[in-house]
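Visitor: Just so it is clear, I am handing over data-v4.pdb, which has PDB, C-alpha atoms.
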```pdb
MODEL        1
ATOM      1  CA  MET A   1     -15.124   0.855 -53.938
ATOM      2  CA  THR A   2     -18.542   2.433 -54.396
ATOM      3  CA  THR A   3     -19.998   2.985 -57.863
ATOM      4  CA  SER A   4     -23.168   4.767 -58.949
ATOM      5  CA  GLY A   5     -24.980   1.575 -59.902
ATOM      6  CA  THR A   6     -26.621   3.390 -62.815
ATOM      7  CA  THR A   7     -26.056   3.377 -66.577
ATOM      8  CA  THR A   8     -28.542   6.058 -67.602
ATOM      9  CA  PHE A   9     -26.358   9.082 -68.353
ATOM     10  CA  ASP A  10     -27.776  11.249 -71.099
ATOM     11  CA  LEU A  11     -27.833  14.905 -72.104
ATOM     12  CA  ASP A  12     -30.900  16.930 -72.905
ATOM     13  CA  VAL A  13     -30.847  19.376 -75.807
ATOM     14  CA  ASP A  14     -29.998  22.344 -73.601
ATOM     15  CA  GLU A  15     -27.024  20.505 -72.045
ATOM     16  CA  LEU A  16     -25.786  19.432 -75.479
ATOM     17  CA  ILE A  17     -25.878  23.024 -76.673
ATOM     18  CA  THR A  18     -23.975  24.170 -73.593
ATOM     19  CA  GLU A  19     -21.318  21.498 -74.122
ATOM     20  CA  ALA A  20     -20.953  22.378 -77.802
ATOM     21  CA  TYR A  21     -20.549  26.106 -77.131
ATOM     22  CA  GLU A  22     -17.938  25.401 -74.456
ATOM     23  CA  ARG A  23     -15.926  23.347 -76.969
ATOM     24  CA  CYS A  24     -15.981  26.416 -79.202
ATOM     25  CA  GLY A  25     -14.707  28.569 -76.344
ATOM     26  CA  LEU A  26     -18.051  30.360 -76.213
ATOM     27  CA  GLN A  27     -21.128  30.688 -74.052
ATOM     28  CA  ALA A  28     -24.700  30.581 -75.304
ATOM     29  CA  ARG A  29     -26.034  33.831 -73.857
ATOM     30  CA  ALA A  30     -28.929  34.956 -76.043
ATOM     31  CA  GLY A  31     -32.059  33.120 -77.082
ATOM     32  CA  TYR A  32     -30.912  33.167 -80.701
ATOM     33  CA  ASP A  33     -27.698  31.330 -79.745
ATOM     34  CA  ILE A  34     -29.791  28.414 -78.533
ATOM     35  CA  LYS A  35     -32.223  28.610 -81.449
ATOM     36  CA  THR A  36     -29.489  28.454 -84.100
ATOM     37  CA  ALA A  37     -27.765  25.589 -82.256
ATOM     38  CA  ARG A  38     -30.975  23.566 -82.208
ATOM     39  CA  ARG A  39     -31.406  24.204 -85.931
ATOM     40  CA  SER A  40     -27.868  22.905 -86.512
ATOM     41  CA  LEU A  41     -28.689  19.836 -84.425
ATOM     42  CA  ASN A  42     -31.671  19.005 -86.623
ATOM     43  CA  LEU A  43     -29.596  19.516 -89.779
ATOM     44  CA  MET A  44     -26.978  17.138 -88.413
ATOM     45  CA  PHE A  45     -29.632  14.467 -87.823
ATOM     46  CA  LEU A  46     -30.592  14.748 -91.504
ATOM     47  CA  ASP A  47     -26.944  14.417 -92.511
ATOM     48  CA  TRP A  48     -26.624  11.240 -90.435
ATOM     49  CA  ALA A  49     -29.454   9.671 -92.443
ATOM     50  CA  SER A  50     -27.274  10.130 -95.545
ATOM     51  CA  ARG A  51     -24.047   8.865 -93.975
ATOM     52  CA  GLY A  52     -25.056   5.233 -93.668
ATOM     53  CA  LEU A  53     -26.850   2.729 -91.519
ATOM     54  CA  ASN A  54     -27.745   3.642 -87.939
ATOM     55  CA  LEU A  55     -28.964   0.443 -86.277
ATOM     56  CA  TRP A  56     -31.164   2.157 -83.709
ATOM     57  CA  THR A  57     -33.196   3.738 -86.522
ATOM     58  CA  ILE A  58     -34.177   0.337 -87.990
ATOM     59  CA  GLU A  59     -37.732  -0.761 -87.202
ATOM     60  CA  GLN A  60     -39.764  -3.740 -88.330
ATOM     61  CA  ARG A  61     -43.045  -2.613 -89.844
ATOM     62  CA  THR A  62     -46.001  -4.277 -91.499
ATOM     63  CA  LEU A  63     -48.392  -3.294 -94.261
ATOM     64  CA  ALA A  64     -51.562  -5.246 -95.007
ATOM     65  CA  LEU A  65     -52.037  -5.653 -98.764
ATOM     66  CA  THR A  66     -55.332  -5.398-100.599
ATOM     67  CA  ALA A  67     -56.156  -7.645-103.549
ATOM     68  CA  GLY A  68     -55.818  -5.763-106.815
ATOM     69  CA  VAL A  69     -53.845  -2.859-105.295
ATOM     70  CA  TYR A  70     -50.152  -2.730-106.153
ATOM     71  CA  GLU A  71     -49.221   0.813-105.007
ATOM     72  CA  TYR A  72     -49.029   1.919-101.342
ATOM     73  CA  ASN A  73     -47.757   4.920 -99.403
ATOM     74  CA  LEU A  74     -45.169   4.272 -96.688
ATOM     75  CA  PRO A  75     -44.932   6.325 -93.466
ATOM     76  CA  LEU A  76     -43.410   9.761 -94.052
ATOM     77  CA  ASP A  77     -40.486   9.047 -91.693
ATOM     78  CA  THR A  78     -39.301   6.152 -93.895
ATOM     79  CA  VAL A  79     -35.774   6.758 -95.208
ATOM     80  CA  ASN A  80     -35.461   3.416 -96.999
ATOM     81  CA  VAL A  81     -36.451  -0.251 -96.897
ATOM     82  CA  LEU A  82     -33.629  -2.653 -96.092
ATOM     83  CA  GLU A  83     -35.228  -6.044 -96.652
ATOM     84  CA  ALA A  84     -38.696  -7.510 -96.796
ATOM     85  CA  VAL A  85     -40.831 -10.635 -96.910
ATOM     86  CA  ILE A  86     -44.390 -11.333 -97.952
ATOM     87  CA  ARG A  87     -46.297 -13.006 -95.144
ATOM     88  CA  SER A  88     -49.366 -15.215 -95.441
ATOM     89  CA  ASN A  89     -51.279 -17.139 -92.831
ATOM     90  CA  VAL A  90     -53.231 -20.178 -94.004
ATOM     91  CA  ASN A  91     -54.964 -22.458 -91.517
ATOM     92  CA  GLY A  92     -52.863 -21.044 -88.702
ATOM     93  CA  VAL A  93     -49.558 -21.630 -90.512
ATOM     94  CA  GLN A  94     -47.561 -18.445 -91.005
ATOM     95  CA  THR A  95     -45.264 -18.391 -94.030
ATOM     96  CA  ASP A  96     -42.699 -15.685 -94.812
ATOM     97  CA  ILE A  97     -41.245 -15.622 -98.339
ATOM     98  CA  THR A  98     -38.388 -13.325 -99.276
ATOM     99  CA  LEU A  99     -39.170 -10.511-101.691
ATOM    100  CA  ASN A 100     -36.663  -9.365-104.297
ATOM    101  CA  ARG A 101     -36.266  -5.636-104.798
ATOM    102  CA  PHE A 102     -36.808  -4.040-108.203
ATOM    103  CA  SER A 103     -34.735  -1.142-109.442
ATOM    104  CA  ARG A 104     -36.536   1.880-110.860
ATOM    105  CA  ALA A 105     -35.647   0.846-114.407
ATOM    106  CA  GLU A 106     -36.783  -2.750-113.867
ATOM    107  CA  TRP A 107     -40.115  -1.543-112.523
ATOM    108  CA  LEU A 108     -40.587   0.868-115.429
ATOM    109  CA  HIS A 109     -39.904  -1.844-118.015
ATOM    110  CA  THR A 110     -42.219  -4.430-116.450
ATOM    111  CA  PRO A 111     -44.803  -4.653-119.252
ATOM    112  CA  VAL A 112     -47.923  -5.832-117.373
ATOM    113  CA  LYS A 113     -48.167  -4.310-113.909
ATOM    114  CA  ILE A 114     -51.855  -4.262-113.063
ATOM    115  CA  SER A 115     -53.643  -7.255-114.563
ATOM    116  CA  THR A 116     -51.092  -9.868-113.428
ATOM    117  CA  GLN A 117     -52.322 -11.019-110.011
ATOM    118  CA  SER A 118     -50.619 -13.556-107.768
ATOM    119  CA  ARG A 119     -48.497 -13.669-104.635
ATOM    120  CA  PRO A 120     -46.143 -10.633-104.812
ATOM    121  CA  ALA A 121     -42.545 -11.655-105.491
ATOM    122  CA  GLN A 122     -40.843  -8.304-106.082
ATOM    123  CA  PHE A 123     -41.149  -4.745-104.838
ATOM    124  CA  TYR A 124     -39.893  -1.308-105.808
ATOM    125  CA  VAL A 125     -39.481   1.583-103.345
ATOM    126  CA  GLN A 126     -39.914   5.070-104.750
ATOM    127  CA  ARG A 127     -38.025   7.387-102.411
ATOM    128  CA  THR A 128     -40.020  10.548-102.949
ATOM    129  CA  ILE A 129     -41.157  13.050-100.293
ATOM    130  CA  THR A 130     -44.011  10.638 -99.637
ATOM    131  CA  PRO A 131     -42.237   7.268-100.076
ATOM    132  CA  GLN A 132     -44.176   4.627-101.957
ATOM    133  CA  VAL A 133     -43.845   0.899-102.525
ATOM    134  CA  TYR A 134     -44.991  -1.013-105.612
ATOM    135  CA  PHE A 135     -45.528  -4.767-105.859
ATOM    136  CA  TYR A 136     -45.282  -7.265-108.683
ATOM    137  CA  PRO A 137     -47.277  -9.342-109.288
ATOM    138  CA  ASN A 138     -50.370  -7.485-108.140
ATOM    139  CA  PRO A 139     -51.691  -9.138-104.919
ATOM    140  CA  ASP A 140     -54.504 -11.592-105.587
ATOM    141  CA  ASP A 141     -57.343 -12.529-103.261
ATOM    142  CA  SER A 142     -56.353 -16.155-102.615
ATOM    143  CA  VAL A 143     -55.020 -15.327 -99.126
ATOM    144  CA  ALA A 144     -54.412 -12.230 -97.008
ATOM    145  CA  TYR A 145     -50.882 -10.962 -97.676
ATOM    146  CA  THR A 146     -48.833  -8.757 -95.367
ATOM    147  CA  PHE A 147     -45.720  -6.834 -96.390
ATOM    148  CA  VAL A 148     -43.246  -7.227 -93.497
ATOM    149  CA  TYR A 149     -40.165  -5.080 -93.819
ATOM    150  CA  TYR A 150     -37.291  -3.456 -91.979
ATOM    151  CA  ALA A 151     -37.405   0.291 -92.481
ATOM    152  CA  ILE A 152     -34.755   2.886 -91.793
ATOM    153  CA  LYS A 153     -36.670   5.691 -90.138
ATOM    154  CA  ARG A 154     -35.734   9.331 -89.674
ATOM    155  CA  ILE A 155     -34.175  10.444 -86.408
ATOM    156  CA  GLN A 156     -36.741  12.447 -84.474
ATOM    157  CA  ASP A 157     -36.369  16.230 -84.359
ATOM    158  CA  ALA A 158     -34.642  17.761 -81.342
ATOM    159  CA  GLY A 159     -37.849  19.456 -80.213
ATOM    160  CA  ALA A 160     -37.982  21.188 -76.833
ATOM    161  CA  TYR A 161     -34.755  22.110 -75.050
ATOM    162  CA  THR A 162     -35.681  19.812 -72.163
ATOM    163  CA  ASN A 163     -35.909  16.773 -74.472
ATOM    164  CA  THR A 164     -33.253  14.130 -74.753
ATOM    165  CA  THR A 165     -32.333  13.194 -78.309
ATOM    166  CA  ASP A 166     -33.510  10.230 -80.343
ATOM    167  CA  ILE A 167     -30.066   8.609 -80.592
ATOM    168  CA  ASN A 168     -28.310   5.620 -79.108
ATOM    169  CA  PHE A 169     -25.989   6.404 -76.191
ATOM    170  CA  ARG A 170     -22.994   5.229 -78.234
ATOM    171  CA  PHE A 171     -23.392   8.266 -80.486
ATOM    172  CA  LEU A 172     -23.663  10.826 -77.686
ATOM    173  CA  PRO A 173     -19.948  11.863 -77.788
ATOM    174  CA  CYS A 174     -20.225  12.148 -81.567
ATOM    175  CA  LEU A 175     -23.351  14.256 -81.216
ATOM    176  CA  ALA A 176     -21.622  16.725 -78.905
ATOM    177  CA  SER A 177     -18.532  17.030 -81.107
ATOM    178  CA  GLY A 178     -20.657  17.334 -84.246
ATOM    179  CA  LEU A 179     -22.764  20.126 -82.805
ATOM    180  CA  ALA A 180     -19.599  21.935 -81.696
ATOM    181  CA  TYR A 181     -18.308  21.746 -85.279
ATOM    182  CA  TYR A 182     -21.585  23.057 -86.700
ATOM    183  CA  ILE A 183     -21.549  25.972 -84.257
ATOM    184  CA  ALA A 184     -17.882  26.694 -85.015
ATOM    185  CA  MET A 185     -18.739  27.152 -88.694
ATOM    186  CA  LYS A 186     -20.898  30.106 -87.647
ATOM    187  CA  ARG A 187     -19.295  31.442 -84.476
ATOM    188  CA  ALA A 188     -15.719  30.160 -84.075
ATOM    189  CA  PRO A 189     -14.143  29.578 -87.520
ATOM    190  CA  GLU A 190     -10.659  29.465 -85.983
ATOM    191  CA  ARG A 191     -11.610  26.179 -84.247
ATOM    192  CA  MET A 192     -13.529  24.726 -87.160
ATOM    193  CA  THR A 193     -10.769  22.494 -88.582
ATOM    194  CA  MET A 194      -9.886  21.004 -85.216
ATOM    195  CA  LEU A 195     -13.522  20.385 -84.258
ATOM    196  CA  LYS A 196     -14.317  18.849 -87.651
ATOM    197  CA  GLN A 197     -11.483  16.351 -87.230
ATOM    198  CA  ILE A 198     -12.684  15.388 -83.762
ATOM    199  CA  TYR A 199     -16.249  15.061 -85.033
ATOM    200  CA  GLU A 200     -15.299  12.827 -87.967
ATOM    201  CA  GLU A 201     -13.154  10.606 -85.728
ATOM    202  CA  ASP A 202     -15.974  10.288 -83.180
ATOM    203  CA  PHE A 203     -18.508   9.501 -85.900
ATOM    204  CA  LEU A 204     -16.255   6.912 -87.554
ATOM    205  CA  ARG A 205     -15.601   5.159 -84.244
ATOM    206  CA  ALA A 206     -19.315   5.040 -83.387
ATOM    207  CA  ALA A 207     -20.338   3.962 -86.897
ATOM    208  CA  GLN A 208     -17.791   1.138 -86.985
ATOM    209  CA  GLU A 209     -19.184  -0.252 -83.733
ATOM    210  CA  ASP A 210     -22.804   0.237 -84.791
ATOM    211  CA  ARG A 211     -23.092  -2.863 -86.949
ATOM    212  CA  ASP A 212     -24.896  -6.167 -86.970
ATOM    213  CA  ILE A 213     -22.748  -9.017 -85.667
ATOM    214  CA  ALA A 214     -23.554 -12.345 -87.268
ATOM    215  CA  SER A 215     -21.710 -15.342 -88.636
ATOM    216  CA  VAL A 216     -20.788 -15.245 -92.308
ATOM    217  CA  TYR A 217     -20.418 -18.427 -94.323
ATOM    218  CA  LEU A 218     -18.559 -18.394 -97.635
ATOM    219  CA  VAL A 219     -19.180 -21.309 -99.971
ATOM    220  CA  PRO A 220     -16.796 -21.757-102.935
ATOM    221  CA  ASP A 221     -18.362 -22.034-106.376
ATOM    222  CA  ARG A 222     -17.160 -25.449-107.686
ATOM    223  CA  THR A 223     -19.125 -25.270-110.900
ATOM    224  CA  MET A 224     -16.428 -23.281-112.705
ATOM    225  CA  ALA A 225     -13.742 -25.192-114.568
TER
ENDMDL
END
```
How does the structure come out when it is put into structure tokens?

Guide:
Amino acid sequence: MTTSGTTTFDLDVDELITEAYERCGLQARAGYDIKTARRSLNLMFLDWASRGLNLWTIEQRTLALTAGVYEYNLPLDTVNVLEAVIRSNVNGVQTDITLNRFSRAEWLHTPVKISTQSRPAQFYVQRTITPQVYFYPNPDDSVAYTFVYYAIKRIQDAGAYTNTTDINFRFLPCLASGLAYYIAMKRAPERMTMLKQIYEEDFLRAAQEDRDIASVYLVPDRTMA
């Protein structure tokens, strides 16, 4: 039996739009049909950022800290920070120490934010249009500190019709069914309920598989009477 020998199947934006319109029982004939479908595709990417964790959007990033500076801007495509360490390198020995995350209220009620200088132990992420991170204590100048963190980044825009999308292949069926549902809301309302159900099932199946697989150890608390 002869097989293709390849595992590179993908769809560019134009092919995705064609597939989605066909699922609606329609054809994309005019330029506006394609334009509105691409807009829906970008809106769906934004919705996915709010639905939960997409592993392929996680990226390890670093930020060099400056002594006496406790407030820094993060890249604009940062959705959130998952976990972080403070890294130092002394005499060729690299040390990573876990940072605890402040809540907004905890950061607000920290009485002395600026004058207290030491190795940062906690951080607060302000999720504004330009995301920012704040550190406590304020970094001192004893060593060079680096903030090493895993960021959830935004899915890239669809862009040109000849582009492929910035998603993992596991979500490609979900992407096609989701775009069909979005188009149905505007062009084929009679199919909207059916396509929404298919979309949600496809997304749930992909999301359940898209998880970190690691051993979990549960230790009973024997200190309680």

Visitor: Mind checking which residues fall within 10 Å of Arg211 of chain A, counting only C-alpha atoms, ignoring those fewer than 2 positions away in the same chain, and posting them as a PyMOL selection string?

Guide: chain A and resi 53-55+206-209+213-214

Visitor: One number please: atom CA of Val85 of chain A to atom CA of Asp166 of chain A, in Å, one decimal.

Guide: 27.6 Å

Visitor: Which residue out of A:Ala121, A:Leu46, A:Leu82, A:Ala28 has the minimum interatomic distance to Asn100 of chain A when all atoms listed in the file are used?

Guide: A:Ala121

Visitor: State, in Å with one decimal place, the distance from atom CA of Gly31 of chain A to atom CA of Asp202 of chain A.

Guide: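 Those two atoms sit 28.6 Å apart.
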
Visitor: Got a sec: who's within 12 Å of Ala188 of chain A, counting all atoms listed in the file, leaving out chain neighbours fewer than 3 positions off, as a ChimeraX atom specification?

Guide: /A:20-27,180-185,191-196

Visitor: Since we have the selection now, will you write its residues out, keeping C-alpha atoms, as a compact mmCIF listing (two decimals), in the coordinates of the input?

Guide:
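That gives us part.txt:
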```txt
# COMPACT_ATOMS: atom_id res chain seq x y z
CA ALA A 20 -20.95 22.38 -77.80
CA TYR A 21 -20.55 26.11 -77.13
CA GLU A 22 -17.94 25.40 -74.46
CA ARG A 23 -15.93 23.35 -76.97
CA CYS A 24 -15.98 26.42 -79.20
CA GLY A 25 -14.71 28.57 -76.34
CA LEU A 26 -18.05 30.36 -76.21
CA GLN A 27 -21.13 30.69 -74.05
CA ALA A 180 -19.60 21.94 -81.70
CA TYR A 181 -18.31 21.75 -85.28
CA TYR A 182 -21.58 23.06 -86.70
CA ILE A 183 -21.55 25.97 -84.26
CA ALA A 184 -17.88 26.69 -85.02
CA MET A 185 -18.74 27.15 -88.69
CA ARG A 191 -11.61 26.18 -84.25
CA MET A 192 -13.53 24.73 -87.16
CA THR A 193 -10.77 22.49 -88.58
CA MET A 194 -9.89 21.00 -85.22
CA LEU A 195 -13.52 20.39 -84.26
CA LYS A 196 -14.32 18.85 -87.65
```

Visitor: How many Å separate atom CA of Asn89 of chain A from atom CA of Pro139 of chain A?

Guide: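 Going from atom CA of Asn89 of chain A over to atom CA of Pro139 of chain A, I get 14.5 Å.
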
Visitor: Output the residue selection produced by the PyMOL selection byres ((chain A and resi 95) around 12) on the file above, formatted as a list in words.

Guide: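 For this structure, the PyMOL selection byres ((chain A and resi 95) around 12) resolves to Val85, Ile86, Arg87, Ser88, Asn89, Val90, Asn91, Gly92, Val93, Gln94, Asp96, Ile97, Thr98, Val143, Ala144, Tyr145, Thr146, Phe147 and Val148 of chain A.
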
Visitor: Starting from the displayed file, determine the output of the PyMOL selection byres ((chain A and resi 118) around 9) and express the residue list as a ChimeraX atom specification.

Guide: /A:116-117,119-121,136-142

Visitor: Nearest to Thr164 of chain A: which of A:Ala30, A:Leu16, A:Gly178, A:Thr6 is it, counting only C-alpha atoms?

Guide: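 Closest to Thr164 of chain A of all the choices is A:Leu16.
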
Visitor: Would you kindly return, as number ranges by chain, each protein, DNA or RNA residue with an atom no farther than 12 Å from any atom of Phe169 of chain A, considering all atoms listed in the file and excluding same-chain residues fewer than 6 positions away?

Guide: A: 7-11, 56, 175-176, 206, 210

Visitor: Care to translate the PyMOL selection byres ((chain A and resi 131) around 9) into actual residues of this file, as a PDB file with C-alpha atoms, in the frame of the given file?

Guide:
```pdb
ATOM      1  CA  TYR A  72     -49.029   1.919-101.342  1.00  0.00           C
ATOM      2  CA  ASN A  73     -47.757   4.920 -99.403  1.00  0.00           C
ATOM      3  CA  LEU A  74     -45.169   4.272 -96.688  1.00  0.00           C
ATOM      4  CA  PRO A  75     -44.932   6.325 -93.466  1.00  0.00           C
ATOM      5  CA  LEU A  76     -43.410   9.761 -94.052  1.00  0.00           C
ATOM      6  CA  ASP A  77     -40.486   9.047 -91.693  1.00  0.00           C
ATOM      7  CA  THR A  78     -39.301   6.152 -93.895  1.00  0.00           C
ATOM      8  CA  VAL A  79     -35.774   6.758 -95.208  1.00  0.00           C
ATOM      9  CA  ASN A  80     -35.461   3.416 -96.999  1.00  0.00           C
ATOM     10  CA  VAL A 125     -39.481   1.583-103.345  1.00  0.00           C
ATOM     11  CA  GLN A 126     -39.914   5.070-104.750  1.00  0.00           C
ATOM     12  CA  ARG A 127     -38.025   7.387-102.411  1.00  0.00           C
ATOM     13  CA  THR A 128     -40.020  10.548-102.949  1.00  0.00           C
ATOM     14  CA  ILE A 129     -41.157  13.050-100.293  1.00  0.00           C
ATOM     15  CA  THR A 130     -44.011  10.638 -99.637  1.00  0.00           C
ATOM     16  CA  GLN A 132     -44.176   4.627-101.957  1.00  0.00           C
ATOM     17  CA  VAL A 133     -43.845   0.899-102.525  1.00  0.00           C
TER      18      VAL A 133
END
```

Visitor: Since the input is missing atoms for segment 36-54 of chain A, could you rebuild it with N, CA and C atoms and give the result as a short mmCIF file (atom, residue, chain, number, x, y, z; two decimals), keeping the file's coordinate frame?

Guide:
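Written out: selection.cif:
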```cif
data_model
loop_
_atom_site.label_atom_id
_atom_site.label_comp_id
_atom_site.auth_asym_id
_atom_site.auth_seq_id
_atom_site.Cartn_x
_atom_site.Cartn_y
_atom_site.Cartn_z
N THR A 36 -30.30 28.84 -82.94
CA THR A 36 -29.49 28.45 -84.10
C THR A 36 -28.76 27.13 -83.85
N ALA A 37 -28.40 26.86 -82.58
CA ALA A 37 -27.76 25.59 -82.26
C ALA A 37 -28.75 24.44 -82.43
N ARG A 38 -29.98 24.63 -82.04
CA ARG A 38 -30.98 23.57 -82.21
C ARG A 38 -31.25 23.32 -83.69
N ARG A 39 -31.25 24.37 -84.48
CA ARG A 39 -31.41 24.20 -85.93
C ARG A 39 -30.25 23.38 -86.51
N SER A 40 -29.03 23.67 -86.06
CA SER A 40 -27.87 22.90 -86.51
C SER A 40 -27.99 21.45 -86.09
N LEU A 41 -28.52 21.20 -84.91
CA LEU A 41 -28.69 19.84 -84.42
C LEU A 41 -29.63 19.06 -85.33
N ASN A 42 -30.73 19.67 -85.73
CA ASN A 42 -31.67 19.00 -86.62
C ASN A 42 -31.07 18.76 -88.00
N LEU A 43 -30.27 19.71 -88.50
CA LEU A 43 -29.60 19.52 -89.78
C LEU A 43 -28.60 18.36 -89.70
N MET A 44 -27.93 18.23 -88.58
CA MET A 44 -26.98 17.14 -88.41
C MET A 44 -27.69 15.79 -88.41
N PHE A 45 -28.86 15.71 -87.80
CA PHE A 45 -29.63 14.47 -87.82
C PHE A 45 -29.96 14.07 -89.27
N LEU A 46 -30.29 15.04 -90.11
CA LEU A 46 -30.59 14.75 -91.50
C LEU A 46 -29.34 14.26 -92.23
N ASP A 47 -28.20 14.85 -91.90
CA ASP A 47 -26.94 14.42 -92.51
C ASP A 47 -26.61 12.98 -92.11
N TRP A 48 -26.90 12.61 -90.88
CA TRP A 48 -26.62 11.24 -90.44
C TRP A 48 -27.43 10.22 -91.22
N ALA A 49 -28.64 10.59 -91.65
CA ALA A 49 -29.45 9.67 -92.44
C ALA A 49 -28.81 9.39 -93.79
N SER A 50 -27.96 10.31 -94.26
CA SER A 50 -27.27 10.13 -95.54
C SER A 50 -25.90 9.49 -95.40
N ARG A 51 -25.40 9.37 -94.18
CA ARG A 51 -24.05 8.86 -93.98
C ARG A 51 -23.98 7.34 -93.94
N GLY A 52 -25.09 6.69 -93.75
CA GLY A 52 -25.06 5.23 -93.67
C GLY A 52 -26.07 4.70 -92.69
N LEU A 53 -25.89 3.45 -92.33
CA LEU A 53 -26.85 2.73 -91.52
C LEU A 53 -26.67 3.02 -90.04
N ASN A 54 -27.72 3.48 -89.39
CA ASN A 54 -27.74 3.64 -87.94
C ASN A 54 -28.70 2.59 -87.37
#
```
